[in-house]
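To start, the structure itself, in structure tokens.
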Amino acid sequence: MNGNKGLYGAWLALLGVGILLGLLTAVKLFSQGHSLFNANDVLLWTLPLGGYIFLALSSSGLTLLAALPLVFGVKKYEPFAKRMVFLAIATLIGGFVAIGLELGSILHMVYIIFSPNFSSPIWWMGAIYSLELVVLVVKFWTMHSGDWHSGFSKFLGVASFALALVAPLMIGSIFGLTESRVTYFGPVMSIYCLLMAVLSGTALFVLYNAIVGRVTNNGIAAQLHDEFALVLTYAAGAVVVFTLLKFAIESATVVPAFLSYRKFAHAFGTMGGFHIEVILGLFVPFVLLAIPAVRKAAGGKIVATALLLAGTLAMHMEILLAGQSRPVGPKAEQFPEFVSYFPSIWEWLVFVFALAVMLLLYTLGEKYLKLTAAPE
């Protein structure tokens with residue numbers, strides 16, 4: 001017992017250090033601005049935005065997963081619904097920390113809030129995710145108060161499901177409508193973002209439950225945990241198929257932008273034509289999850305889900321950076337054929353801050369908010 005208390009205290013201290021560093025980073029960013037990031041006139045979207053995309057999509061995936069008991073009435077999953085909703089809230093708050101600091105100034109945040117642009121997918125993305133957060137918080141409060149099945153509570157469940165379905169599509173449309181970047185342009189990005197949301201959200205839930213079960217000996221029933229792991233396997237399989245299809249289409253095209261994209265020195269390297277993060281962060285964990293003995297073992301779940309989460313973050317960053325790496329228009333005369341990038345220490349600290357806030361909320365929620373409560 002004393003060992004667990006010591007471990008809990010050390011964990012809180014570690015998160016406290018991360019948040020303290022993040023607050024110091026926020027002060028420096030709001031005083032000096034975006035110049036602290038390794039961005040330039042060509043490569044504008046960097047690690048903080050990649051972190052936001054990863055966390056926001058994971059939050060949507062958790063909300064979609066929560067819809068199984070809350071919208072579609074799968075009663076055996078009701079004991080996990082409250083935890084899913086809380087994890088979605090905490091993950092989205094972490095994402096908002098990342099995007100808030102990515103803007104580089106409080107004035108930028110104020111401008112976006114009070115100067116809506118209804119023709120901008122970026123504005124709609126922010127509006128939808130802000131509304132989703134509000135709906136999730138109210139939904140969690142109704143569940144925490146014991147109201148699971150009233151008309152209002154059911155409406156909140158359906159609304160959160162609809163918002164979580166639309167939000168990833170809106171993130172994808174930000175890239176898909178960028179005509180000057182052929183590697184972004186088209187409907188593929190919206191579909192990809194939705195699939196990645198389901199994958200990362202389910203992986204996060206399975207990993208979280210596996211770790212909580214080991215630390216507190218209070219995890220979910222083994223059979224149900226295995227069912228969620230099977231859902232994760234199907235989600236990973238869908239992303240594998242879509243990734244292979246996307247790779248085949250890109251390999252067959254003769255569009256100059258795609259030919260240049262193949263020559264780009266990819267951030268994590270390639271093997272056999274596939275990006276390393278796709279192999280290690282998608283193909284390998286899918287194979288592990290496809291093996292029943294590995295999928296049902298606690299250690300197998302932890303390894304596979306950790307690889308998937310690291311892989312999805314890396315895949316988001318790869319797409320984000322590779323699409324911007326080639327200067328176009330007048331910028332092509334001022335920069336080399338491809339622009340390289342590595343995050344500055346301040347960008348890393350923004351991401352650490354977002355994760356620390358998210359994990360602190362996870363920790364406090366698990367301790368004080370009775371996340372395993374179910375309707376009577």
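Residue numbering restarts at 1 in every chain; chains get A, B, ... in the order shown in the structure tokens, and ligands count up from 1 in that same order.
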
Please run DSSP on the backbone and report, as a PyMOL selection string, all residues within segment 187-375 of chain A that come out as alpha helix (DSSP H).
-> chain A and resi 188-216+222-252+256-263+276-278+284-290+292-296+298-324+345-368

As an mmCIF file with N, CA, C and O atoms, in the first residue's frame, please: the residues near segment 349-365 of chain A (cut-off 8 Å, only C-alpha atoms, same-chain neighbours under 4 positions excluded).
```cif
data_model
loop_
_atom_site.group_PDB
_atom_site.id
_atom_site.type_symbol
_atom_site.label_atom_id
_atom_site.label_comp_id
_atom_site.auth_asym_id
_atom_site.auth_seq_id
_atom_site.Cartn_x
_atom_site.Cartn_y
_atom_site.Cartn_z
ATOM 1 N N LEU A 12 2.384 12.165 -9.602
ATOM 2 C CA LEU A 12 1.863 13.530 -9.526
ATOM 3 C C LEU A 12 2.991 14.557 -9.608
ATOM 4 O O LEU A 12 2.840 15.613 -10.235
ATOM 5 N N LEU A 15 4.046 14.844 -13.236
ATOM 6 C CA LEU A 15 3.076 15.639 -13.991
ATOM 7 C C LEU A 15 3.174 17.114 -13.614
ATOM 8 O O LEU A 15 3.027 18.001 -14.463
ATOM 9 N N GLY A 16 3.437 17.376 -12.322
ATOM 10 C CA GLY A 16 3.595 18.754 -11.875
ATOM 11 C C GLY A 16 4.763 19.441 -12.559
ATOM 12 O O GLY A 16 4.672 20.619 -12.937
ATOM 13 N N GLY A 18 5.947 18.673 -15.520
ATOM 14 C CA GLY A 18 5.543 18.903 -16.900
ATOM 15 C C GLY A 18 4.646 20.127 -17.037
ATOM 16 O O GLY A 18 4.795 20.925 -17.968
ATOM 17 N N ILE A 19 3.717 20.293 -16.101
ATOM 18 C CA ILE A 19 2.808 21.442 -16.161
ATOM 19 C C ILE A 19 3.556 22.735 -15.852
ATOM 20 O O ILE A 19 3.316 23.773 -16.486
ATOM 21 N N LEU A 21 6.743 23.371 -16.437
ATOM 22 C CA LEU A 21 7.503 23.702 -17.648
ATOM 23 C C LEU A 21 6.579 24.242 -18.739
ATOM 24 O O LEU A 21 6.938 25.169 -19.482
ATOM 25 N N GLY A 22 5.380 23.677 -18.818
ATOM 26 C CA GLY A 22 4.431 24.148 -19.814
ATOM 27 C C GLY A 22 3.970 25.567 -19.549
ATOM 28 O O GLY A 22 3.827 26.368 -20.484
ATOM 29 N N LEU A 23 3.734 25.899 -18.282
ATOM 30 C CA LEU A 23 3.323 27.263 -17.940
ATOM 31 C C LEU A 23 4.427 28.269 -18.256
ATOM 32 O O LEU A 23 4.159 29.367 -18.768
ATOM 33 N N THR A 25 6.647 27.865 -20.552
ATOM 34 C CA THR A 25 6.649 27.937 -22.010
ATOM 35 C C THR A 25 5.545 28.854 -22.511
ATOM 36 O O THR A 25 5.754 29.651 -23.450
ATOM 37 N N ALA A 26 4.367 28.752 -21.895
ATOM 38 C CA ALA A 26 3.243 29.598 -22.303
ATOM 39 C C ALA A 26 3.576 31.079 -22.101
ATOM 40 O O ALA A 26 3.295 31.915 -22.975
ATOM 41 N N LEU A 47 4.920 20.687 -34.803
ATOM 42 C CA LEU A 47 4.582 19.712 -33.770
ATOM 43 C C LEU A 47 3.368 20.087 -32.917
ATOM 44 O O LEU A 47 2.525 19.221 -32.669
ATOM 45 N N PRO A 48 3.229 21.322 -32.423
ATOM 46 C CA PRO A 48 2.037 21.626 -31.615
ATOM 47 C C PRO A 48 0.730 21.363 -32.355
ATOM 48 O O PRO A 48 -0.232 20.859 -31.759
ATOM 49 N N GLY A 51 0.311 17.625 -32.564
ATOM 50 C CA GLY A 51 -0.167 17.133 -31.281
ATOM 51 C C GLY A 51 -1.647 17.394 -31.092
ATOM 52 O O GLY A 51 -2.389 16.545 -30.571
ATOM 53 N N PHE A 86 -15.254 10.787 -19.870
ATOM 54 C CA PHE A 86 -14.275 11.619 -19.157
ATOM 55 C C PHE A 86 -12.932 11.626 -19.880
ATOM 56 O O PHE A 86 -12.283 12.675 -19.986
ATOM 57 N N LEU A 87 -12.500 10.482 -20.377
ATOM 58 C CA LEU A 87 -11.245 10.437 -21.124
ATOM 59 C C LEU A 87 -11.327 11.306 -22.378
ATOM 60 O O LEU A 87 -10.350 11.968 -22.748
ATOM 61 N N ALA A 90 -10.902 14.968 -21.171
ATOM 62 C CA ALA A 90 -9.527 15.278 -20.773
ATOM 63 C C ALA A 90 -8.599 15.318 -21.978
ATOM 64 O O ALA A 90 -7.714 16.186 -22.072
ATOM 65 N N THR A 91 -8.796 14.406 -22.927
ATOM 66 C CA THR A 91 -7.946 14.364 -24.118
ATOM 67 C C THR A 91 -8.165 15.603 -24.983
ATOM 68 O O THR A 91 -7.207 16.180 -25.515
ATOM 69 N N ILE A 93 -9.223 18.541 -23.931
ATOM 70 C CA ILE A 93 -8.633 19.688 -23.225
ATOM 71 C C ILE A 93 -7.124 19.738 -23.489
ATOM 72 O O ILE A 93 -6.550 20.806 -23.726
ATOM 73 N N GLY A 94 -6.458 18.577 -23.457
ATOM 74 C CA GLY A 94 -5.044 18.535 -23.804
ATOM 75 C C GLY A 94 -4.794 19.035 -25.211
ATOM 76 O O GLY A 94 -3.834 19.766 -25.474
ATOM 77 N N GLY A 95 -5.675 18.662 -26.148
ATOM 78 C CA GLY A 95 -5.548 19.146 -27.516
ATOM 79 C C GLY A 95 -5.710 20.652 -27.607
ATOM 80 O O GLY A 95 -4.977 21.325 -28.341
ATOM 81 N N PHE A 96 -6.650 21.207 -26.831
ATOM 82 C CA PHE A 96 -6.843 22.657 -26.836
ATOM 83 C C PHE A 96 -5.639 23.392 -26.247
ATOM 84 O O PHE A 96 -5.333 24.512 -26.661
ATOM 85 N N VAL A 97 -4.969 22.774 -25.285
ATOM 86 C CA VAL A 97 -3.738 23.370 -24.755
ATOM 87 C C VAL A 97 -2.707 23.491 -25.873
ATOM 88 O O VAL A 97 -2.062 24.538 -26.049
ATOM 89 N N ALA A 98 -2.563 22.417 -26.665
ATOM 90 C CA ALA A 98 -1.578 22.421 -27.756
ATOM 91 C C ALA A 98 -1.916 23.462 -28.818
ATOM 92 O O ALA A 98 -1.048 24.239 -29.238
ATOM 93 N N LEU A 101 -1.470 27.192 -27.589
ATOM 94 C CA LEU A 101 -0.088 27.667 -27.573
ATOM 95 C C LEU A 101 0.505 27.707 -28.979
ATOM 96 O O LEU A 101 1.417 28.495 -29.242
ATOM 97 N N GLU A 102 -0.011 26.879 -29.878
ATOM 98 C CA GLU A 102 0.489 26.910 -31.257
ATOM 99 C C GLU A 102 0.192 28.256 -31.914
ATOM 100 O O GLU A 102 0.957 28.717 -32.763
ATOM 101 N N ILE A 345 12.937 23.182 -28.866
ATOM 102 C CA ILE A 345 12.670 22.760 -27.492
ATOM 103 C C ILE A 345 11.331 23.286 -27.019
ATOM 104 O O ILE A 345 10.614 22.631 -26.255
ATOM 105 N N LEU A 369 -13.777 10.769 -9.274
ATOM 106 C CA LEU A 369 -15.041 10.929 -9.987
ATOM 107 C C LEU A 369 -15.796 9.624 -10.253
ATOM 108 O O LEU A 369 -16.773 9.625 -11.008
ATOM 109 N N LYS A 370 -15.389 8.538 -9.660
ATOM 110 C CA LYS A 370 -16.107 7.257 -9.781
ATOM 111 C C LYS A 370 -16.409 6.930 -11.234
ATOM 112 O O LYS A 370 -17.571 6.766 -11.643
ATOM 113 N N LEU A 371 -15.356 6.781 -11.996
ATOM 114 C CA LEU A 371 -15.512 6.606 -13.443
ATOM 115 C C LEU A 371 -16.063 5.236 -13.833
ATOM 116 O O LEU A 371 -16.440 5.032 -14.985
#
```

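Proximity of A:Thr305, A:Thr243, A:Thr142, A:Ser130 to Tyr208 of chain A, computed with only C-alpha atoms, is greatest for A:Thr305.
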
Residue among A:Thr216, A:Ala13, A:Phe175, A:Leu204 lying closest to Lys367 of chain A, counting only C-alpha atoms = A:Thr216

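For the pair atom CA of Val134 of chain A and atom CA of Ala164 of chain A, the interatomic distance is 12.3 Å.
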
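Minimum atom-to-atom distances from A:Leu288, A:Ala322, A:Cys193, A:Leu230 to Ile171 of chain A were compared using only C-alpha atoms, and the lowest value belongs to A:Cys193.
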
Polymer residues at most 10 Å from segment 106-122 of chain A, only C-alpha atoms, same-chain spacing of 6 or more positions, as a list of chain:residue names | A:Ala26, A:Leu29, A:Phe30, A:Ser31, A:Gly33, A:Ile99, A:Gly100, A:Ile128, A:Met170, A:Ile171, A:Gly172, A:Ser173, A:Ile174, A:Phe175, A:Leu177

As a PyMOL selection string, which residues of segment 85-329 of chain A does DSSP assign to strand (DSSP E)?
-> chain A and resi 270-271+274-275

Could those residues be written to a file, using N, CA, C and O atoms, as a PDB file, in the first residue's frame?
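Just written: result.pdb:
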```
ATOM      1  N   THR A 270      12.130   5.383 -44.612  1.00  0.00           N
ATOM      2  CA  THR A 270      11.260   4.449 -45.319  1.00  0.00           C
ATOM      3  C   THR A 270      11.921   3.078 -45.390  1.00  0.00           C
ATOM      4  O   THR A 270      13.128   2.936 -45.238  1.00  0.00           O
ATOM      5  N   MET A 271      11.065   2.072 -45.644  1.00  0.00           N
ATOM      6  CA  MET A 271      11.549   0.704 -45.815  1.00  0.00           C
ATOM      7  C   MET A 271      10.618   0.020 -46.813  1.00  0.00           C
ATOM      8  O   MET A 271       9.416  -0.096 -46.552  1.00  0.00           O
ATOM      9  N   PHE A 274       7.503   1.934 -47.820  1.00  0.00           N
ATOM     10  CA  PHE A 274       6.591   2.338 -46.749  1.00  0.00           C
ATOM     11  C   PHE A 274       7.343   3.135 -45.694  1.00  0.00           C
ATOM     12  O   PHE A 274       8.512   2.860 -45.400  1.00  0.00           O
ATOM     13  N   HIS A 275       6.657   4.096 -45.115  1.00  0.00           N
ATOM     14  CA  HIS A 275       7.266   4.882 -44.042  1.00  0.00           C
ATOM     15  C   HIS A 275       7.493   4.001 -42.817  1.00  0.00           C
ATOM     16  O   HIS A 275       6.683   3.121 -42.508  1.00  0.00           O
TER      17      HIS A 275
END
```

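Pairwise distance (atom CA of Ala236 of chain A, atom CA of Val215 of chain A) equals 26.5 Å.
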
Near segment 307-312 of chain A, within 8 Å and counting only C-alpha atoms, which residues show up once chain neighbours fewer than 3 positions away are dropped, as a VMD selection string?
-> chain A and resid 54 196 200 203 to 204 277 to 278 280 to 282 285 303 to 304 315 to 316

Taken to one decimal, the atom CA of Gln324 of chain A-atom CA of Thr46 of chain A distance is 9.9 Å

Surrounding residues of Val71 of chain A excluding itself and chain neighbours under 2 positions, 9 Å, only C-alpha atoms, as a tab-separated table (two decimals) with all heavy atoms, in the first residue's frame:
```
chain	number	residue	atom	x	y	z
A	66	ALA	N	-17.84	5.62	-26.92
A	66	ALA	CA	-18.84	5.77	-25.86
A	66	ALA	C	-20.26	5.68	-26.40
A	66	ALA	O	-21.21	5.39	-25.65
A	66	ALA	CB	-18.64	7.10	-25.13
A	67	ALA	N	-20.43	5.93	-27.71
A	67	ALA	CA	-21.76	5.86	-28.30
A	67	ALA	C	-22.30	4.43	-28.31
A	67	ALA	O	-23.53	4.24	-28.40
A	67	ALA	CB	-21.72	6.41	-29.73
A	68	LEU	N	-21.43	3.44	-28.21
A	68	LEU	CA	-21.91	2.05	-28.18
A	68	LEU	C	-22.92	1.85	-27.06
A	68	LEU	O	-24.03	1.36	-27.30
A	68	LEU	CB	-20.74	1.08	-28.07
A	68	LEU	CG	-19.81	0.99	-29.29
A	68	LEU	CD1	-18.63	0.08	-29.00
A	68	LEU	CD2	-20.59	0.48	-30.49
A	69	PRO	N	-22.60	2.20	-25.79
A	69	PRO	CA	-23.63	2.08	-24.74
A	69	PRO	C	-24.60	3.25	-24.68
A	69	PRO	O	-25.77	3.07	-24.34
A	69	PRO	CB	-22.78	1.99	-23.46
A	69	PRO	CG	-21.53	2.73	-23.77
A	69	PRO	CD	-21.26	2.49	-25.23
A	73	GLY	N	-27.17	1.55	-27.24
A	73	GLY	CA	-27.78	0.72	-26.21
A	73	GLY	C	-27.10	-0.60	-25.93
A	73	GLY	O	-27.77	-1.56	-25.51
A	74	VAL	N	-25.79	-0.69	-26.13
A	74	VAL	CA	-25.06	-1.92	-25.78
A	74	VAL	C	-24.82	-1.90	-24.27
A	74	VAL	O	-23.84	-1.34	-23.79
A	74	VAL	CB	-23.74	-2.02	-26.56
A	74	VAL	CG1	-23.05	-3.36	-26.26
A	74	VAL	CG2	-23.98	-1.87	-28.05
A	154	LYS	N	-30.17	11.44	-23.13
A	154	LYS	CA	-30.05	10.71	-24.39
A	154	LYS	C	-29.74	11.67	-25.54
A	154	LYS	O	-28.97	11.34	-26.45
A	154	LYS	CB	-31.32	9.94	-24.66
A	154	LYS	CG	-31.53	8.75	-23.73
A	154	LYS	CD	-32.81	8.00	-24.05
A	154	LYS	CE	-32.98	6.80	-23.13
A	154	LYS	NZ	-34.24	6.07	-23.41
A	155	PHE	N	-30.38	12.86	-25.49
A	155	PHE	CA	-30.09	13.87	-26.52
A	155	PHE	C	-28.62	14.25	-26.51
A	155	PHE	O	-27.98	14.39	-27.57
A	155	PHE	CB	-30.95	15.11	-26.29
A	155	PHE	CG	-30.49	16.31	-27.07
A	155	PHE	CD1	-30.73	16.42	-28.42
A	155	PHE	CD2	-29.78	17.33	-26.44
A	155	PHE	CE1	-30.29	17.53	-29.15
A	155	PHE	CE2	-29.32	18.43	-27.15
A	155	PHE	CZ	-29.58	18.53	-28.52
A	157	GLY	N	-26.14	12.42	-25.55
A	157	GLY	CA	-25.37	11.31	-26.11
A	157	GLY	C	-25.39	11.31	-27.63
A	157	GLY	O	-24.35	11.13	-28.28
A	158	VAL	N	-26.57	11.54	-28.21
A	158	VAL	CA	-26.68	11.58	-29.67
A	158	VAL	C	-25.93	12.78	-30.23
A	158	VAL	O	-25.24	12.68	-31.26
A	158	VAL	CB	-28.17	11.62	-30.10
A	158	VAL	CG1	-28.29	11.84	-31.60
A	158	VAL	CG2	-28.87	10.34	-29.69
A	161	PHE	N	-22.22	12.18	-30.18
A	161	PHE	CA	-21.87	11.23	-31.24
A	161	PHE	C	-21.82	11.92	-32.60
A	161	PHE	O	-20.88	11.72	-33.38
A	161	PHE	CB	-22.89	10.09	-31.26
A	161	PHE	CG	-22.77	9.19	-32.46
A	161	PHE	CD1	-21.70	8.30	-32.58
A	161	PHE	CD2	-23.72	9.21	-33.47
A	161	PHE	CE1	-21.58	7.47	-33.69
A	161	PHE	CE2	-23.62	8.39	-34.58
A	161	PHE	CZ	-22.54	7.51	-34.68
```

Leaving out Val206 of chain A and any residue of its chain fewer than 3 positions from it, which residues lie within 9 Å of it when counting only C-alpha atoms, given as a ChimeraX atom specification?
-> /A:201-203,209-211,225,228-229,232,301-302,305

Export, as a PDB file, in the first residue's frame, the selected residues with N, CA and C atoms.
```
ATOM      1  N   GLY A 201      -8.529   6.533 -30.651  1.00  0.00           N
ATOM      2  CA  GLY A 201      -9.413   6.584 -29.492  1.00  0.00           C
ATOM      3  C   GLY A 201      -9.579   5.219 -28.849  1.00  0.00           C
ATOM      4  N   THR A 202      -9.782   4.189 -29.662  1.00  0.00           N
ATOM      5  CA  THR A 202      -9.927   2.836 -29.126  1.00  0.00           C
ATOM      6  C   THR A 202      -8.616   2.350 -28.516  1.00  0.00           C
ATOM      7  N   ALA A 203      -7.499   2.638 -29.180  1.00  0.00           N
ATOM      8  CA  ALA A 203      -6.191   2.244 -28.646  1.00  0.00           C
ATOM      9  C   ALA A 203      -5.931   2.913 -27.304  1.00  0.00           C
ATOM     10  N   ASN A 209      -7.086   1.242 -19.812  1.00  0.00           N
ATOM     11  CA  ASN A 209      -7.662   0.212 -18.955  1.00  0.00           C
ATOM     12  C   ASN A 209      -6.652  -0.857 -18.575  1.00  0.00           C
ATOM     13  N   ALA A 210      -5.761  -1.181 -19.506  1.00  0.00           N
ATOM     14  CA  ALA A 210      -4.732  -2.181 -19.193  1.00  0.00           C
ATOM     15  C   ALA A 210      -3.803  -1.666 -18.101  1.00  0.00           C
ATOM     16  N   ILE A 211      -3.412  -0.391 -18.179  1.00  0.00           N
ATOM     17  CA  ILE A 211      -2.513   0.177 -17.170  1.00  0.00           C
ATOM     18  C   ILE A 211      -3.224   0.342 -15.835  1.00  0.00           C
ATOM     19  N   HIS A 225     -12.638  -6.612 -21.825  1.00  0.00           N
ATOM     20  CA  HIS A 225     -11.399  -5.983 -22.281  1.00  0.00           C
ATOM     21  C   HIS A 225     -10.939  -6.618 -23.588  1.00  0.00           C
ATOM     22  N   PHE A 228     -12.989  -5.189 -26.467  1.00  0.00           N
ATOM     23  CA  PHE A 228     -12.498  -3.886 -26.912  1.00  0.00           C
ATOM     24  C   PHE A 228     -11.211  -4.052 -27.723  1.00  0.00           C
ATOM     25  N   ALA A 229     -10.363  -4.999 -27.320  1.00  0.00           N
ATOM     26  CA  ALA A 229      -9.139  -5.262 -28.080  1.00  0.00           C
ATOM     27  C   ALA A 229      -9.476  -5.788 -29.473  1.00  0.00           C
ATOM     28  N   LEU A 232     -10.498  -2.912 -31.540  1.00  0.00           N
ATOM     29  CA  LEU A 232      -9.275  -2.225 -31.936  1.00  0.00           C
ATOM     30  C   LEU A 232      -8.613  -2.938 -33.114  1.00  0.00           C
ATOM     31  N   LYS A 301      -1.519  -6.340 -25.097  1.00  0.00           N
ATOM     32  CA  LYS A 301      -2.361  -5.157 -25.310  1.00  0.00           C
ATOM     33  C   LYS A 301      -1.560  -3.878 -25.116  1.00  0.00           C
ATOM     34  N   ILE A 302      -0.754  -3.831 -24.051  1.00  0.00           N
ATOM     35  CA  ILE A 302       0.015  -2.619 -23.753  1.00  0.00           C
ATOM     36  C   ILE A 302       1.013  -2.322 -24.868  1.00  0.00           C
ATOM     37  N   THR A 305      -0.959  -1.378 -28.246  1.00  0.00           N
ATOM     38  CA  THR A 305      -1.616  -0.063 -28.207  1.00  0.00           C
ATOM     39  C   THR A 305      -0.599   1.068 -28.105  1.00  0.00           C
TER      40      THR A 305
END
```
